[in-house]
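The structure file data_9.tsv is reproduced below (TSV, C-alpha atoms).
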chain	number	residue	atom	x	y	z
A	55	MET	CA	-17.31	4.31	-10.51
A	56	SER	CA	-20.66	4.22	-8.74
A	57	GLU	CA	-19.21	6.02	-5.72
A	58	SER	CA	-18.24	9.05	-7.77
A	59	SER	CA	-21.81	9.52	-9.00
A	60	ASN	CA	-23.04	9.85	-5.42
A	61	LEU	CA	-20.50	12.41	-4.22
A	62	ALA	CA	-21.83	15.40	-2.38
A	63	ASN	CA	-21.77	18.74	-4.27
A	64	PRO	CA	-20.90	17.45	-7.77
A	65	PRO	CA	-19.28	19.96	-10.13
A	66	ILE	CA	-21.69	22.22	-12.03
A	67	GLU	CA	-21.25	22.76	-15.74
A	68	PRO	CA	-20.85	26.58	-16.11
A	69	ASP	CA	-23.05	28.48	-18.54
A	70	SER	CA	-20.64	31.40	-18.88
A	71	GLY	CA	-17.09	32.43	-18.13
A	72	GLN	CA	-18.23	34.60	-15.21
A	73	GLU	CA	-20.26	31.74	-13.75
A	74	PHE	CA	-17.21	29.49	-13.99
A	75	MET	CA	-15.04	32.07	-12.19
A	76	ASP	CA	-17.69	32.49	-9.48
A	77	MET	CA	-17.82	28.73	-9.02
A	78	MET	CA	-14.03	28.45	-8.73
A	79	ASP	CA	-13.87	31.37	-6.27
A	80	SER	CA	-16.45	29.59	-4.12
A	81	ILE	CA	-14.52	26.32	-4.13
A	82	ILE	CA	-11.19	28.00	-3.41
A	83	GLN	CA	-12.73	29.96	-0.53
A	84	GLN	CA	-14.06	26.71	0.89
A	85	ILE	CA	-10.83	24.74	0.71
A	86	THR	CA	-8.49	27.51	1.87
A	87	ASP	CA	-10.46	28.34	4.98
A	88	GLU	CA	-8.31	28.04	8.08
A	89	THR	CA	-10.72	25.53	9.60
A	90	ASP	CA	-11.32	22.28	7.75
A	91	THR	CA	-14.97	21.57	7.16
A	92	PRO	CA	-16.87	18.68	8.78
A	93	THR	CA	-20.23	17.86	7.18
A	94	ASN	CA	-23.04	16.13	9.07
A	95	THR	CA	-20.60	15.46	11.91
A	96	ASN	CA	-20.97	16.36	15.57
A	97	LEU	CA	-17.52	17.10	17.01
A	98	SER	CA	-18.80	17.97	20.50
A	99	GLU	CA	-17.72	14.67	21.99
A	100	ILE	CA	-17.12	13.94	25.68
A	101	PRO	CA	-14.10	16.01	26.77
A	102	GLY	CA	-10.98	13.94	27.28
A	103	MET	CA	-12.32	10.93	25.38
A	104	PRO	CA	-10.62	9.89	22.13
A	105	ALA	CA	-12.57	10.37	18.91
A	106	PRO	CA	-13.08	7.49	16.43
A	107	LYS	CA	-9.88	6.51	14.64
A	108	GLU	CA	-11.21	7.40	11.18
A	109	LEU	CA	-12.02	10.91	10.05
A	110	PRO	CA	-15.74	11.39	9.24
A	111	PRO	CA	-17.23	11.03	5.72
A	112	ASN	CA	-17.60	14.29	3.76
A	113	TYR	CA	-14.86	15.93	5.84
A	114	ILE	CA	-12.85	18.38	3.72
A	115	MET	CA	-9.13	19.05	4.02
A	116	LYS	CA	-7.56	21.39	1.47
A	117	ASN	CA	-9.31	20.35	-1.75
A	118	TYR	CA	-10.01	16.74	-0.72
A	119	ARG	CA	-13.43	15.54	0.39
A	120	LEU	CA	-13.32	12.22	2.26
A	121	ILE	CA	-15.75	9.56	1.04
A	122	LYS	CA	-15.00	6.52	3.17
A	123	PRO	CA	-12.15	4.67	4.91
A	124	LEU	CA	-10.48	1.99	2.79
A	125	GLY	CA	-8.41	0.38	5.53
A	126	GLU	CA	-5.92	0.88	8.30
A	127	GLY	CA	-2.54	-0.47	9.28
A	128	GLY	CA	0.25	0.08	11.74
A	129	PHE	CA	1.29	3.38	10.18
A	130	GLY	CA	-2.03	5.00	9.38
A	131	VAL	CA	-5.52	5.13	7.90
A	132	THR	CA	-6.32	5.15	4.18
A	133	TYR	CA	-9.36	6.90	2.69
A	134	LEU	CA	-11.11	7.13	-0.65
A	135	ALA	CA	-11.49	10.83	-1.39
A	136	GLU	CA	-12.57	13.27	-4.10
A	137	ASP	CA	-10.33	16.03	-5.38
A	138	VAL	CA	-13.05	18.68	-5.69
A	139	LEU	CA	-10.89	20.96	-7.85
A	140	LEU	CA	-9.86	18.39	-10.43
A	141	ASN	CA	-13.05	16.28	-10.13
A	142	ARG	CA	-11.27	12.95	-9.71
A	143	LEU	CA	-11.07	10.17	-7.15
A	144	VAL	CA	-7.85	9.87	-5.13
A	145	VAL	CA	-6.57	7.88	-2.18
A	146	LEU	CA	-5.53	9.79	0.94
A	147	LYS	CA	-3.21	8.26	3.53
A	148	GLU	CA	-3.05	9.66	7.08
A	149	SER	CA	-0.04	9.16	9.36
A	150	PHE	CA	-1.60	7.56	12.43
A	151	PRO	CA	0.70	5.13	14.30
A	152	HIS	CA	-2.06	3.49	16.34
A	153	THR	CA	0.29	2.04	18.95
A	154	LEU	CA	1.44	5.55	19.86
A	155	CYS	CA	-1.38	7.94	19.05
A	156	GLU	CA	-5.12	8.55	19.31
A	157	ARG	CA	-7.52	11.11	17.86
A	158	GLN	CA	-8.54	13.93	20.15
A	159	ALA	CA	-12.29	14.52	20.41
A	160	GLY	CA	-13.50	17.94	19.26
A	161	THR	CA	-10.34	18.82	17.31
A	162	LEU	CA	-9.67	15.54	15.46
A	163	ASP	CA	-5.97	16.14	16.15
A	164	VAL	CA	-3.71	13.08	16.33
A	165	VAL	CA	-2.10	13.19	19.78
A	166	PRO	CA	0.07	10.84	21.87
A	167	GLN	CA	-1.75	8.16	23.83
A	168	MET	CA	-1.55	8.18	27.60
A	169	GLY	CA	2.00	7.23	28.49
A	170	ALA	CA	3.33	7.59	24.93
A	171	GLN	CA	6.21	9.95	24.26
A	172	ALA	CA	5.34	13.02	22.18
A	173	GLU	CA	8.80	12.77	20.62
A	174	GLU	CA	7.99	9.28	19.29
A	175	CYS	CA	4.82	10.55	17.58
A	176	GLU	CA	6.68	13.49	16.10
A	177	ASN	CA	9.41	11.20	14.79
A	178	ALA	CA	6.75	8.97	13.19
A	179	MET	CA	5.39	11.97	11.29
A	180	ILE	CA	8.87	13.11	10.27
A	181	ASN	CA	9.62	9.63	8.90
A	182	PHE	CA	6.26	9.61	7.12
A	183	LEU	CA	7.05	12.88	5.34
A	184	ARG	CA	10.63	11.83	4.59
A	185	GLU	CA	9.45	8.64	2.92
A	186	VAL	CA	6.78	10.49	0.94
A	187	ARG	CA	9.31	12.98	-0.40
A	188	LEU	CA	11.45	10.05	-1.45
A	189	LEU	CA	8.58	8.19	-3.12
A	190	ALA	CA	7.23	11.30	-4.86
A	191	LYS	CA	10.22	11.09	-7.21
A	192	LEU	CA	9.15	7.69	-8.53
A	193	ASP	CA	7.63	7.28	-11.98
A	194	HIS	CA	6.87	3.72	-13.09
A	195	PRO	CA	3.74	2.34	-14.81
A	196	ASN	CA	3.43	-0.46	-12.23
A	197	ILE	CA	3.87	1.68	-9.09
A	198	VAL	CA	1.11	3.88	-7.68
A	199	LYS	CA	1.76	7.59	-8.24
A	200	ILE	CA	1.96	10.01	-5.33
A	201	TYR	CA	0.52	13.46	-6.04
A	202	THR	CA	1.19	15.57	-2.95
A	203	PHE	CA	1.41	15.69	0.83
A	204	PHE	CA	0.44	18.17	3.54
A	205	GLU	CA	0.09	18.57	7.30
A	206	ARG	CA	-3.16	18.89	9.29
A	207	HIS	CA	-4.42	17.89	12.73
A	208	LYS	CA	-0.89	17.62	14.13
A	209	THR	CA	-0.07	14.84	11.67
A	210	ALA	CA	0.70	14.34	7.98
A	211	TYR	CA	-1.13	13.14	4.86
A	212	TYR	CA	-0.24	12.13	1.34
A	213	VAL	CA	-2.40	11.72	-1.75
A	214	THR	CA	-2.03	9.07	-4.44
A	215	GLU	CA	-3.81	8.14	-7.63
A	216	TYR	CA	-6.92	6.00	-7.27
A	217	ILE	CA	-6.55	2.64	-9.00
A	218	ASP	CA	-9.79	1.34	-10.50
A	219	GLY	CA	-9.12	-2.35	-10.05
A	220	MET	CA	-9.10	-5.37	-7.78
A	221	CYS	CA	-6.48	-6.73	-5.42
A	222	LEU	CA	-4.45	-9.59	-6.82
A	223	ALA	CA	-6.06	-12.22	-4.59
A	224	ASP	CA	-9.56	-11.31	-5.86
A	225	VAL	CA	-8.43	-11.37	-9.48
A	226	VAL	CA	-7.04	-14.88	-9.13
A	227	SER	CA	-10.21	-16.01	-7.32
A	228	ASP	CA	-12.16	-14.91	-10.39
A	229	TYR	CA	-9.82	-16.91	-12.61
A	230	ARG	CA	-10.39	-19.99	-10.47
A	231	LYS	CA	-14.17	-19.66	-10.72
A	232	HIS	CA	-14.04	-19.71	-14.51
A	233	LEU	CA	-10.87	-21.58	-15.45
A	234	GLY	CA	-9.79	-23.35	-12.28
A	235	TYR	CA	-6.27	-21.91	-12.50
A	236	LEU	CA	-4.29	-18.84	-13.57
A	237	PRO	CA	-2.96	-19.43	-17.12
A	238	GLN	CA	0.81	-19.68	-17.34
A	239	ASP	CA	1.09	-16.79	-19.81
A	240	ASP	CA	-0.85	-14.52	-17.44
A	241	LEU	CA	1.26	-15.65	-14.48
A	242	TYR	CA	4.47	-14.96	-16.38
A	243	SER	CA	3.22	-11.53	-17.52
A	244	LEU	CA	2.33	-10.65	-13.93
A	245	MET	CA	5.74	-11.77	-12.68
A	246	VAL	CA	7.69	-9.80	-15.27
A	247	ARG	CA	5.80	-6.55	-14.65
A	248	VAL	CA	5.97	-6.69	-10.87
A	249	LEU	CA	9.63	-7.71	-10.92
A	250	ASP	CA	10.39	-4.79	-13.24
A	251	ALA	CA	8.70	-2.43	-10.76
A	252	LEU	CA	10.68	-3.90	-7.87
A	253	ASP	CA	13.90	-3.60	-9.88
A	254	TYR	CA	13.05	0.08	-10.47
A	255	LEU	CA	12.64	0.62	-6.71
A	256	HIS	CA	15.79	-1.30	-5.82
A	257	SER	CA	17.87	0.57	-8.41
A	258	ARG	CA	17.01	3.69	-6.40
A	259	ASP	CA	17.90	2.01	-3.10
A	260	ILE	CA	14.25	1.83	-2.03
A	261	LEU	CA	12.72	-1.25	-0.41
A	262	HIS	CA	8.95	-1.71	-0.37
A	263	LEU	CA	8.97	-4.13	2.60
A	264	ASP	CA	5.29	-5.07	2.43
A	265	ILE	CA	4.73	-6.98	-0.81
A	266	LYS	CA	1.62	-9.17	-0.44
A	267	PRO	CA	-1.60	-9.89	-2.40
A	268	ASP	CA	-3.47	-6.94	-0.87
A	269	ASN	CA	-0.74	-4.52	-1.97
A	270	ILE	CA	-0.85	-5.41	-5.67
A	271	LEU	CA	-3.89	-4.15	-7.57
A	272	VAL	CA	-4.80	-5.18	-11.10
A	273	THR	CA	-6.46	-2.60	-13.34
A	274	ARG	CA	-9.34	-3.36	-15.69
A	275	ASP	CA	-6.86	-3.72	-18.56
A	276	GLY	CA	-4.77	-6.24	-16.61
A	277	ARG	CA	-1.92	-3.99	-15.42
A	278	PRO	CA	-0.54	-4.83	-11.93
A	279	ILE	CA	0.12	-1.82	-9.69
A	280	ILE	CA	2.15	-1.95	-6.49
A	281	ILE	CA	0.44	0.16	-3.82
A	282	ASP	CA	0.76	1.06	-0.12
A	283	MET	CA	4.26	2.46	0.12
A	284	GLY	CA	3.81	3.23	3.83
A	285	ALA	CA	6.46	0.72	4.91
A	286	ALA	CA	8.93	1.63	2.14
A	287	ARG	CA	12.32	3.07	3.05
A	288	GLU	CA	15.79	3.63	1.78
A	289	ARG	CA	17.82	0.44	1.89
A	290	HIS	CA	20.44	1.79	4.28
A	291	ALA	CA	18.02	3.64	6.59
A	292	ASP	CA	17.50	2.60	10.21
A	293	ALA	CA	15.83	-0.79	9.76
A	294	CYS	CA	14.55	-0.88	13.33
A	295	ASN	CA	12.41	2.19	12.87
A	296	GLY	CA	8.90	1.20	11.86
A	297	VAL	CA	9.43	-1.86	9.66
A	298	VAL	CA	6.25	-3.94	9.53
A	299	GLU	CA	5.82	-7.71	9.41
A	300	SER	CA	3.02	-9.31	7.40
A	301	VAL	CA	2.86	-12.87	8.68
A	302	GLY	CA	3.26	-15.36	5.86
A	303	PHE	CA	4.63	-12.77	3.42
A	304	SER	CA	7.57	-11.33	5.36
A	305	PRO	CA	10.85	-13.29	5.40
A	306	PRO	CA	12.71	-14.30	8.58
A	307	GLU	CA	15.03	-11.28	8.44
A	308	GLN	CA	11.99	-8.97	8.67
A	309	CYS	CA	10.58	-10.56	11.84
A	310	ALA	CA	10.56	-8.29	14.87
A	311	SER	CA	12.66	-10.72	16.91
A	312	GLN	CA	15.48	-10.96	14.36
A	313	LEU	CA	15.25	-7.80	12.28
A	314	SER	CA	18.43	-7.61	10.20
A	315	ASP	CA	20.02	-7.67	6.76
A	316	LEU	CA	17.12	-6.23	4.74
A	317	GLY	CA	17.68	-5.88	1.00
A	318	PRO	CA	16.14	-6.53	-2.44
A	319	TRP	CA	15.93	-10.22	-1.48
A	320	THR	CA	13.43	-9.21	1.22
A	321	ASP	CA	10.96	-7.83	-1.35
A	322	LEU	CA	11.58	-10.82	-3.62
A	323	TYR	CA	10.58	-13.15	-0.79
A	324	GLY	CA	7.36	-11.17	-0.30
A	325	PHE	CA	6.55	-11.44	-4.00
A	326	ALA	CA	7.40	-15.16	-4.07
A	327	ALA	CA	5.13	-15.70	-1.03
A	328	THR	CA	2.41	-13.79	-2.89
A	329	LEU	CA	2.80	-16.06	-5.92
A	330	TYR	CA	2.75	-19.12	-3.65
A	331	TYR	CA	-0.54	-17.90	-2.21
A	332	LEU	CA	-1.99	-17.35	-5.69
A	333	LEU	CA	-1.09	-20.86	-6.82
A	334	THR	CA	-1.96	-22.82	-3.67
A	335	LYS	CA	-4.66	-20.68	-1.96
A	336	THR	CA	-2.56	-20.68	1.23
A	337	ALA	CA	0.15	-18.36	2.53
A	338	PRO	CA	3.51	-19.79	3.63
A	339	PRO	CA	4.08	-20.20	7.38
A	340	ALA	CA	5.52	-17.25	9.30
A	341	GLY	CA	9.12	-16.43	8.44
A	342	ALA	CA	10.37	-16.94	12.00
A	343	GLN	CA	8.83	-20.42	12.04
A	344	ARG	CA	10.35	-21.35	8.69
A	345	SER	CA	13.80	-20.26	9.85
A	346	LEU	CA	13.59	-22.84	12.64
A	347	TYR	CA	11.75	-25.67	10.93
A	348	ASP	CA	10.60	-25.40	7.33
A	349	THR	CA	7.59	-27.53	6.43
A	350	LEU	CA	6.66	-25.70	3.21
A	351	ASP	CA	6.12	-27.96	0.17
A	352	PRO	CA	8.08	-26.60	-2.84
A	353	LEU	CA	5.81	-25.62	-5.72
A	354	ALA	CA	7.94	-27.66	-8.11
A	355	SER	CA	7.05	-30.80	-6.11
A	356	ILE	CA	3.24	-30.39	-6.38
A	357	PRO	CA	1.98	-32.55	-9.28
A	358	LYS	CA	-1.19	-30.53	-9.98
A	359	LEU	CA	0.99	-27.43	-10.50
A	360	THR	CA	3.73	-29.09	-12.55
A	361	ALA	CA	0.98	-30.30	-14.88
A	362	ILE	CA	0.07	-26.65	-15.62
A	363	TYR	CA	3.22	-24.59	-15.14
A	364	HIS	CA	6.78	-25.05	-16.38
A	365	PRO	CA	8.95	-26.61	-13.64
A	366	GLN	CA	11.61	-23.95	-14.25
A	367	LEU	CA	9.11	-21.19	-13.42
A	368	LEU	CA	7.91	-22.97	-10.27
A	369	ALA	CA	11.47	-23.68	-9.15
A	370	SER	CA	12.35	-19.98	-9.49
A	371	ILE	CA	9.52	-19.06	-7.11
A	372	ASP	CA	10.71	-21.73	-4.67
A	373	LYS	CA	14.21	-20.26	-4.73
A	374	ALA	CA	13.00	-16.70	-4.10
A	375	LEU	CA	10.95	-18.08	-1.21
A	376	SER	CA	13.84	-19.71	0.60
A	377	PRO	CA	13.96	-18.78	4.32
A	378	ASN	CA	17.75	-18.67	4.01
A	379	ILE	CA	18.99	-15.43	2.41
A	380	GLU	CA	22.05	-17.21	1.02
A	381	HIS	CA	19.82	-19.56	-1.01
A	382	ARG	CA	17.60	-16.76	-2.32
A	383	TYR	CA	17.98	-14.46	-5.34
A	384	LYS	CA	19.93	-11.35	-4.38
A	385	ASN	CA	18.25	-9.14	-6.99
A	386	VAL	CA	15.67	-9.11	-9.76
A	387	SER	CA	18.24	-9.73	-12.50
A	388	GLU	CA	19.15	-13.10	-11.01
A	389	TRP	CA	15.48	-14.16	-10.89
A	390	MET	CA	14.82	-12.97	-14.44
A	391	GLU	CA	17.86	-14.91	-15.66
A	392	ASP	CA	16.31	-18.10	-14.28
A	393	LEU	CA	13.05	-17.35	-16.08
A	394	ARG	CA	14.70	-17.24	-19.51
A	395	PRO	CA	14.09	-20.35	-21.65
A	396	ARG	CA	16.94	-22.85	-21.68

Can you give me the file's structure in the form of C-alpha cells?
Amino acid sequence: MSESSNLANPPIEPDSGQEFMDMMDSIIQQITDETDTPTNTNLSEIPGMPAPKELPPNYIMKNYRLIKPLGEGGFGVTYLAEDVLLNRLVVLKESFPHTLCERQAGTLDVVPQMGAQAEECENAMINFLREVRLLAKLDHPNIVKIYTFFERHKTAYYVTEYIDGMCLADVVSDYRKHLGYLPQDDLYSLMVRVLDALDYLHSRDILHLDIKPDNILVTRDGRPIIIDMGAARERHADACNGVVESVGFSPPEQCASQLSDLGPWTDLYGFAATLYYLLTKTAPPAGAQRSLYDTLDPLASIPKLTAIYHPQLLASIDKALSPNIEHRYKNVSEWMEDLRPR
C-alpha cells in the first residue's frame, strides 16, 4: 500500500544482533511509556472546550501509530494504524458513542457530554468490551479478524486486521464500467461465501445487525470479508441497547420505533437489501415505510435482470427481502436450499 511507504519512523534493518536488541528496546520503551505520545499535535486547547472527535495523526497508543481516520458511526471512530512492532497495517476502532460523549481538550479523554449520564457512557464501554471479547473467538475466512483490545483515555479500543480491498459497492461499480452487470457466477459465489459467514455467526448466536454494502469488503483475490462488528451482539442480549438502523438496509423489526424480534432473518434482510442495491443501483425504502406500504419492485419482475440472472436466484433475494418476517427465510439453510438447482 502507498500509505505504508510513507509511515513515520519506518523499521530499520539491523546490521547486528546487538543493534536489533537496541532497536527493540527503544520501541518498547516508547510504547510502554505511561503517557501516550502525540506527534506534531498541540494539545493545549481552550480549557473546557471539546477537542476534535478524531485522535490526531501519528498519535501512538501502545504499539499502534495512528495514520488517519477511516470513518465514524454511532458507536465510535475507526482509524487506519500501523503496528510498529509487527510492521503491519491494522484497523483500530475507538468506543465513542457520539450522542453521549465528547473528547476532552488537553487530555483527549472521552467524557460525558453536558447533561449526559456518566453511567450511560460507562455502560457503552462495558458493552463495547463485552462484544469484542465475544467476537475475538471468531475464526472464519470471510469475517474480519480481531487481534486485541485495550483501554485508554477513559474509553476502549479494539484492533482488527487491515483488509486490502474495496467495499462491495465500489467493486460492482467497476464491473458495471467494463461489463455493464455483475456476472451471475460472480454473484452466486459472493452470495454463498457471505451466507456461509452469516451462518457461522448465527450458529454461535451472534447477530451482525449492520449488513450493508459498506460493511462487505472484497480483497484483491475476490474474497468477500464482513467487517465492522460494532453493532454485533448475542441473539438473546438486550435488543434495545445500542442497536443501529441503516436506512434502506435494516428491516422493519430493527427500526427504532418498533425494535423487536431480531434474529438471523434480520441479517438476511440486510444482505438481501445489499444484493438489491448491487443489482439495481438503488437501496430499498426504509424498513418502517415498507412495513406500512411496500412499493418495492421484486427483482424477479424486472425484465433486464431476468434476462441475465436465473429467476430462482432473483426470487430468493426477493423472499429474504420481505418486510414481513413470516414471509422471510428464518436461517441461511433455508435460503441455500432455494438456491440449489431444481

Measuring atom to atom with only C-alpha atoms, identify which of A:Leu241, A:Leu192, A:Val145, A:Leu183 is nearest to Gly125 in chain A.
->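 Selected residue with least distance to Gly125 in chain A: A:Val145.
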
Please return, as a PyMOL selection string, all polymer residues that have at least one atom within 12 Å of the point (-1.4, 12.9, 10.2); use all atoms listed in the file and the file's own coordinate frame.
-> chain A and resi 107-109+115+129-132+146-152+155-157+162-166+175-183+203-212

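Taking CA of Glu136 in chain A and CA of Ile265 in chain A as the two end points, the separation is 26.8 Å.
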
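Residue nearest Asp321 in chain A, chosen from A:Pro339, A:Pro305, A:Pro111, A:Pro237 and counting all atoms listed in the file: A:Pro305.
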
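The two atoms in question, CA of Tyr242 in chain A and CA of Leu393 in chain A, are spaced 8.9 Å apart.
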
Rank nothing, just name the residue among A:Leu332, A:Leu134, A:Leu255, A:Val301 nearest to Leu359 in chain A, using all atoms listed in the file.
->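 Distance minimum relative to Leu359 in chain A lands on A:Leu332.
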
Shell around range 326-330 of chain A at 12 Å using all atoms listed in the file, local window under 5 positions removed, as an MDAnalysis selection string | chainID A and resid 221:223 226 236 241:242 244:245 248:249 264:270 300:305 319:321 335:341 350:354 356 359 367:377 382:383 386 389

Selected residue of minimal separation from Glu307 in chain A among A:Leu252, A:Ala105, A:Glu288, A:Glu380, counting only C-alpha atoms =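 Checking each of A:Leu252, A:Ala105, A:Glu288, A:Glu380 against Glu307 in chain A, counting only C-alpha atoms, the winner is A:Glu380.
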
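Taking CA of Val213 in chain A and CA of Tyr113 in chain A as endpoints, the distance between them is 15.2 Å.
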
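Of the residues under consideration (A:Arg184, A:His194, A:His256, A:Arg274), A:Arg274 shows the shortest atom-to-atom contact distance to Met220 in chain A when counting all atoms listed in the file.
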
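The shortest atom-to-atom distance to Met390 in chain A, with only C-alpha atoms taken into account, belongs to A:Arg247 out of A:Lys116, A:Lys358, A:Arg247, A:Arg277.
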
Which residues are near Leu316 in chain A? Cut-off 10 Å, only C-alpha atoms, ignore same chain within fewer than 5 positions. Put them as a CSV table (one decimal) with C-alpha atoms, in the coordinates of the input.
chain,number,residue,atom,x,y,z
A,261,LEU,CA,12.7,-1.2,-0.4
A,263,LEU,CA,9.0,-4.1,2.6
A,289,ARG,CA,17.8,0.4,1.9
A,290,HIS,CA,20.4,1.8,4.3
A,293,ALA,CA,15.8,-0.8,9.8
A,305,PRO,CA,10.8,-13.3,5.4
A,306,PRO,CA,12.7,-14.3,8.6
A,307,GLU,CA,15.0,-11.3,8.4
A,308,GLN,CA,12.0,-9.0,8.7
A,321,ASP,CA,11.0,-7.8,-1.4
A,379,ILE,CA,19.0,-15.4,2.4

Can range 328-340 of chain A be brought up to N, CA and C atoms and written out as a tab-separated table (two decimals), in the frame of the given file?
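Output below, filename selection22.tsv:
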chain	number	residue	atom	x	y	z
A	328	THR	N	3.66	-14.19	-2.24
A	328	THR	CA	2.41	-13.79	-2.89
A	328	THR	C	2.06	-14.76	-4.01
A	329	LEU	N	3.03	-15.12	-4.83
A	329	LEU	CA	2.80	-16.06	-5.92
A	329	LEU	C	2.44	-17.44	-5.37
A	330	TYR	N	3.08	-17.84	-4.29
A	330	TYR	CA	2.75	-19.12	-3.65
A	330	TYR	C	1.29	-19.14	-3.22
A	331	TYR	N	0.85	-18.02	-2.64
A	331	TYR	CA	-0.54	-17.90	-2.21
A	331	TYR	C	-1.50	-17.98	-3.40
A	332	LEU	N	-1.13	-17.34	-4.50
A	332	LEU	CA	-1.99	-17.35	-5.69
A	332	LEU	C	-2.14	-18.75	-6.27
A	333	LEU	N	-1.08	-19.54	-6.20
A	333	LEU	CA	-1.09	-20.86	-6.82
A	333	LEU	C	-1.64	-21.96	-5.91
A	334	THR	N	-1.56	-21.75	-4.60
A	334	THR	CA	-1.96	-22.82	-3.67
A	334	THR	C	-3.16	-22.47	-2.79
A	335	LYS	N	-3.57	-21.19	-2.80
A	335	LYS	CA	-4.66	-20.68	-1.96
A	335	LYS	C	-4.27	-20.59	-0.48
A	336	THR	N	-3.02	-20.80	-0.16
A	336	THR	CA	-2.56	-20.68	1.23
A	336	THR	C	-1.26	-19.88	1.27
A	337	ALA	N	-1.09	-19.11	2.34
A	337	ALA	CA	0.15	-18.36	2.53
A	337	ALA	C	1.20	-19.27	3.18
A	338	PRO	N	2.47	-19.03	2.94
A	338	PRO	CA	3.51	-19.79	3.63
A	338	PRO	C	3.43	-19.56	5.14
A	339	PRO	N	4.00	-20.45	5.93
A	339	PRO	CA	4.08	-20.20	7.38
A	339	PRO	C	4.90	-18.93	7.68
A	340	ALA	N	4.78	-18.44	8.90
A	340	ALA	CA	5.52	-17.25	9.30
A	340	ALA	C	7.02	-17.44	9.08
